[in-house]
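Participant: Here it is: the structure, laid out below.
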Amino acid sequence: MKIAFIYPGQGAQYTGMGKEIYDNFSEAREIFEEANDSLGYDIARLCFEGPDEELMKTENTQPAILTVSIALTKVLSNKGIKADVTAGLSLGEYSALVYSGVLSFKDAVKLVKKRGEYMQNAVPIGIGGMAAIIGLDNETVENICCDVKDVGIVEPANYNCPGQLSIAGEIKALEKAVELAKAKGAKKAVMLSVSAPFHCSMLKEAGFKLEGDLKEIYTYDMSVPVITNVTADYERIDEVKKMLVKQVSSPVLWEQSIRRMIEDHVDTFIEIGPGKTLTGFMKRIDKTKKAVNFEDMGTLDKLLSSLEVN
């Protein structure tokens, strides 16, 4: 058995996430306390009690999901479960880098809070957004993006799984792209309720700001290989910071990243963090591989049972 730990990104959050693990495991509580010390506020209360409007703010969502994901990871590690490779979708890549040892959790949780602020503030609200296109192949969606260039910026943003690609850019151009996608037979083409055009060239300024913070961060040796969103290939330790800057305004090659791990004989994918979005993607990418999620006590029991761990 070859195991990958995969970590969800923004959008997976919900009020109450992580509470059962916090209540049952001291190692999880320690991670929340470390986050509190780094951030200067009570991240546990935000995760467990909300309010939703505060948890949904990008600058809060990103450190909250990271904290929950790493708390869950600590529990698995203490159970003796280890990964042979790791990856995360967008924000989730920071969880992967913490697990691999490249970033300290203390540094990462502060970094993603700033990342959230920069991404949110890069484009004024109402100017940019995202849309989900379901039921068309990647090439067709890429061509649609090219076809609406005269209206405005629209670019592929998230290659999630076969037949599901999200796009990002300027609102008017996105609306035109949605129209074209429907005309070309998309099963679904809808604007998403997000406040910024994530993972497209409109966020380059956010990447430049993040670069300044990354210069102050120390990176450590990589103990577990990481697949990066930007290239869907193995991360090189000397390029980690460069890739994190590029990641902000580059499409997330998630499907391609999963296929890269499958090429290297990964047969078990454990999604660690709130929700089971990535587990759902796995079923569309390769349903012959084992894909399980871990977010609470119920899913922990199922995971341990599936891996035959006591």
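By order of appearance in the structure tokens: chains A, B, ..., then residues from 1 within every chain, and ligands from 1 in the order shown.
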Residues near region 71-88 of chain A, anyone? I mean within 7 Å using only C-alpha atoms, not counting same-chain ones fewer than 3 positions away, as a VMD selection string.
Facilitator: chain A and resid 2 to 8 27 to 28 31 67 to 68 91 to 93 95 to 96 224 to 228 272 to 273
Participant: Write the residues you've just listed into a file as a PDB file, in the first residue's frame, and include C-alpha atoms for each of them.
Facilitator:
```pdb
ATOM      1  CA  LYS A   2       1.296   3.447  -0.969  1.00  0.00           C
ATOM      2  CA  ILE A   3      -0.426   6.345   0.792  1.00  0.00           C
ATOM      3  CA  ALA A   4      -0.927  10.000  -0.150  1.00  0.00           C
ATOM      4  CA  PHE A   5      -2.186  12.624   2.277  1.00  0.00           C
ATOM      5  CA  ILE A   6      -4.246  15.190   0.357  1.00  0.00           C
ATOM      6  CA  TYR A   7      -5.481  18.459   1.828  1.00  0.00           C
ATOM      7  CA  PRO A   8      -8.546  20.554   0.905  1.00  0.00           C
ATOM      8  CA  GLU A  27      -2.148  16.739  20.277  1.00  0.00           C
ATOM      9  CA  ALA A  28      -4.958  18.432  18.339  1.00  0.00           C
ATOM     10  CA  ILE A  31      -2.001  22.725  17.387  1.00  0.00           C
ATOM     11  CA  THR A  67      -5.130  24.635  11.631  1.00  0.00           C
ATOM     12  CA  VAL A  68      -7.847  21.986  11.437  1.00  0.00           C
ATOM     13  CA  LEU A  91      -4.463  26.597   0.253  1.00  0.00           C
ATOM     14  CA  GLY A  92      -4.135  22.882   1.021  1.00  0.00           C
ATOM     15  CA  GLU A  93      -0.614  22.915  -0.407  1.00  0.00           C
ATOM     16  CA  SER A  95      -0.819  21.864   4.861  1.00  0.00           C
ATOM     17  CA  ALA A  96       1.158  19.479   2.639  1.00  0.00           C
ATOM     18  CA  VAL A 224       7.954  13.624   2.487  1.00  0.00           C
ATOM     19  CA  PRO A 225       7.739  14.419  -1.264  1.00  0.00           C
ATOM     20  CA  VAL A 226       5.232  17.143  -2.191  1.00  0.00           C
ATOM     21  CA  ILE A 227       3.406  17.520  -5.518  1.00  0.00           C
ATOM     22  CA  THR A 228       2.937  21.200  -6.359  1.00  0.00           C
ATOM     23  CA  ILE A 272      -7.355  15.303   5.777  1.00  0.00           C
ATOM     24  CA  GLY A 273      -9.428  18.353   6.648  1.00  0.00           C
TER      25      GLY A 273
END
```
Participant: Once DSSP has gone over the backbone, tell me which residues of region 4-215 of chain A are in strand (DSSP E or B), as JSON, numbers by chain.
Facilitator: {"A": [4, 5, 6, 7, 85, 86, 87, 88, 128, 129, 130, 131, 132, 133, 134, 154, 155, 156, 157, 158, 159, 160, 161, 164, 165, 166, 167, 168, 169, 170, 188, 189, 190, 191]}
Participant: Show me, as an mmCIF file with N, CA and C atoms, in the first residue's frame, the residues that have an atom within 10 Å of Arg29 (chain A) when counting only C-alpha atoms, minus same-chain residues fewer than 4 positions from it.
Facilitator:
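What landed in selection-v4.cif:
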```
data_model
loop_
_atom_site.group_PDB
_atom_site.id
_atom_site.type_symbol
_atom_site.label_atom_id
_atom_site.label_comp_id
_atom_site.auth_asym_id
_atom_site.auth_seq_id
_atom_site.Cartn_x
_atom_site.Cartn_y
_atom_site.Cartn_z
ATOM 1 N N GLY A 18 -13.476 20.445 13.170
ATOM 2 C CA GLY A 18 -12.352 20.154 14.062
ATOM 3 C C GLY A 18 -12.711 19.971 15.523
ATOM 4 N N LYS A 19 -13.948 20.258 15.913
ATOM 5 C CA LYS A 19 -14.288 20.268 17.348
ATOM 6 C C LYS A 19 -14.184 18.889 17.999
ATOM 7 N N ILE A 21 -12.305 16.370 17.218
ATOM 8 C CA ILE A 21 -10.901 15.987 17.362
ATOM 9 C C ILE A 21 -10.252 16.799 18.473
ATOM 10 N N TYR A 22 -10.568 18.081 18.528
ATOM 11 C CA TYR A 22 -10.066 18.953 19.597
ATOM 12 C C TYR A 22 -10.479 18.415 20.968
ATOM 13 N N ASP A 23 -11.725 17.990 21.083
ATOM 14 C CA ASP A 23 -12.240 17.514 22.364
ATOM 15 C C ASP A 23 -11.639 16.182 22.791
ATOM 16 N N ASN A 24 -11.161 15.392 21.823
ATOM 17 C CA ASN A 24 -10.734 14.024 22.124
ATOM 18 C C ASN A 24 -9.227 13.792 22.109
ATOM 19 N N PHE A 25 -8.449 14.734 21.552
ATOM 20 C CA PHE A 25 -7.009 14.484 21.420
ATOM 21 C C PHE A 25 -6.196 15.695 21.857
ATOM 22 N N GLU A 33 -3.694 25.694 20.022
ATOM 23 C CA GLU A 33 -3.043 26.654 20.925
ATOM 24 C C GLU A 33 -1.867 27.337 20.240
ATOM 25 N N GLU A 34 -1.121 26.574 19.455
ATOM 26 C CA GLU A 34 -0.001 27.159 18.712
ATOM 27 C C GLU A 34 -0.504 28.184 17.695
ATOM 28 N N ALA A 35 -1.625 27.865 17.049
ATOM 29 C CA ALA A 35 -2.224 28.808 16.098
ATOM 30 C C ALA A 35 -2.670 30.077 16.812
ATOM 31 N N ALA A 44 -9.761 28.524 17.582
ATOM 32 C CA ALA A 44 -10.663 27.423 17.934
ATOM 33 C C ALA A 44 -12.101 27.918 18.025
ATOM 34 N N ALA A 71 -4.054 19.764 12.783
ATOM 35 C CA ALA A 71 -4.484 19.092 14.015
ATOM 36 C C ALA A 71 -4.895 17.643 13.706
#
```
Participant: Residues within 9 Å of Leu210 (chain A), please, as a ChimeraX atom specification. Count only C-alpha atoms; anything in the same chain fewer than 5 positions from it doesn't count.
Facilitator: /A:111,114-115,118,205,215,244-245,248
Participant: What does the file look like for those residues with N, CA and C atoms, as an mmCIF file, in the first residue's frame?
Facilitator:
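In the end it all went to selection_18.cif:
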```cif
data_model
loop_
_atom_site.group_PDB
_atom_site.id
_atom_site.type_symbol
_atom_site.label_atom_id
_atom_site.label_comp_id
_atom_site.auth_asym_id
_atom_site.auth_seq_id
_atom_site.Cartn_x
_atom_site.Cartn_y
_atom_site.Cartn_z
ATOM 1 N N LEU A 111 1.441 32.986 7.581
ATOM 2 C CA LEU A 111 1.614 33.238 6.150
ATOM 3 C C LEU A 111 0.288 33.143 5.398
ATOM 4 N N LYS A 114 -1.979 36.178 5.833
ATOM 5 C CA LYS A 114 -1.576 37.275 4.948
ATOM 6 C C LYS A 114 -1.936 36.957 3.502
ATOM 7 N N ARG A 115 -1.746 35.701 3.106
ATOM 8 C CA ARG A 115 -2.105 35.280 1.754
ATOM 9 C C ARG A 115 -3.577 35.555 1.493
ATOM 10 N N TYR A 118 -4.112 39.299 1.013
ATOM 11 C CA TYR A 118 -3.593 39.774 -0.277
ATOM 12 C C TYR A 118 -4.498 39.335 -1.426
ATOM 13 N N GLU A 205 -0.543 40.592 -8.332
ATOM 14 C CA GLU A 205 -0.117 41.553 -7.309
ATOM 15 C C GLU A 205 -0.111 40.903 -5.925
ATOM 16 N N LYS A 215 10.174 35.738 1.865
ATOM 17 C CA LYS A 215 11.623 35.986 2.026
ATOM 18 C C LYS A 215 12.038 35.907 3.499
ATOM 19 N N LEU A 244 5.121 28.895 -4.554
ATOM 20 C CA LEU A 244 4.019 29.442 -3.746
ATOM 21 C C LEU A 244 3.607 30.822 -4.252
ATOM 22 N N VAL A 245 4.556 31.588 -4.766
ATOM 23 C CA VAL A 245 4.234 32.890 -5.367
ATOM 24 C C VAL A 245 3.435 32.673 -6.653
ATOM 25 N N VAL A 248 -0.497 31.520 -6.587
ATOM 26 C CA VAL A 248 -1.578 32.482 -6.345
ATOM 27 C C VAL A 248 -2.284 32.869 -7.643
#
```
Participant: Using backbone DSSP assignments, extract all helix (DSSP H, G or I) residues from region 96-227 of chain A; output them as an MDAnalysis selection string.
Facilitator: chainID A and resid 96:100 105:121 138:147 171:183 201:214
Participant: Give me, as CSV, each residue of region 172-239 of chain A that comes within 10 Å of region 152-167 of chain A, together with its shortest interatomic pair and the distance in Å at one decimal, counting only C-alpha atoms, with rows ordered by chain and rising residue number.
Facilitator:
```
residue,atom,partner,partner_atom,distance
A:Lys172,CA,A:Gly152,CA,7.0
A:Ala173,CA,A:Gly152,CA,4.9
A:Leu174,CA,A:Val154,CA,6.2
A:Glu175,CA,A:Val154,CA,9.8
A:Lys176,CA,A:Gly152,CA,9.5
A:Ala177,CA,A:Val154,CA,7.9
A:Val178,CA,A:Ile167,CA,9.6
A:Ala186,CA,A:Gly163,CA,9.1
A:Lys187,CA,A:Gly163,CA,9.3
A:Lys188,CA,A:Gln164,CA,9.4
A:Ala189,CA,A:Ser166,CA,9.3
A:Val190,CA,A:Ser166,CA,9.6
A:Met191,CA,A:Ile167,CA,9.4
A:Leu192,CA,A:Ser166,CA,9.0
A:Pro197,CA,A:Ile167,CA,8.3
A:Phe198,CA,A:Ala157,CA,7.0
A:His199,CA,A:Ala157,CA,5.1
A:Cys200,CA,A:Ala157,CA,6.1
A:Ser201,CA,A:Glu155,CA,8.0
A:Met202,CA,A:Ile153,CA,8.2
A:Asn229,CA,A:Asn158,CA,9.6
```
Participant: Find the residues near Lys289 (chain A): any atom within 8 Å, counting only C-alpha atoms, skip ones fewer than 3 places away on the same chain, and give them as a ChimeraX atom specification.
Facilitator: /A:267-269,282,286
Participant: Residues within 8 Å of Gly275 (chain A), please, as an MDAnalysis selection string. Count only C-alpha atoms; anything in the same chain fewer than 3 positions from it doesn't count.
Facilitator: chainID A and resid 8 12:13 293 295
Participant: With only C-alpha atoms as the basis for distance, which of A:Val194, A:Ala291, A:Val102, A:Val109 is at the shortest distance from Ile43 (chain A)?
Facilitator: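 Among the listed residues, the smallest separation from Ile43 (chain A) belongs to A:Val109.
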Participant: Under the rule that only C-alpha atoms are counted, which of A:Pro124, A:Gly280, A:Gly207, A:Pro274 is the nearest residue to Ala64 (chain A)?
Facilitator: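 Checking each of A:Pro124, A:Gly280, A:Gly207, A:Pro274 against Ala64 (chain A), counting only C-alpha atoms, the winner is A:Pro274.
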Participant: Would you mind telling me which residue in A:Glu235, A:Asp147, A:Asp213, A:Glu179 lies nearest to Ile133 (chain A) when using only C-alpha atoms?
Facilitator: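 Of A:Glu235, A:Asp147, A:Asp213, A:Glu179, the one nearest Ile133 (chain A), counting only C-alpha atoms, is A:Glu179.
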Participant: A:Met17, A:Ile125, A:Ala196, A:Ala132: which is nearest Glu49 (chain A), counting only C-alpha atoms?
Facilitator: A:Met17
Participant: Skip Ser195 (chain A) itself and residues of its chain fewer than 4 positions away, then list as a count of residues only all residues within 8 Å of it, counting only C-alpha atoms.
Facilitator: 5
Participant: One number please: CA of Pro251 (chain A) to CA of Ser223 (chain A), in Å, one decimal.
Facilitator: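 Computing it gives 26.2 Å between the two atoms.
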Participant: Looking at only C-alpha atoms, which of A:Val98, A:Leu303, A:Ala181, A:Ala206 is the one that sits closest to Gln247 (chain A)?
Facilitator: A:Ala206
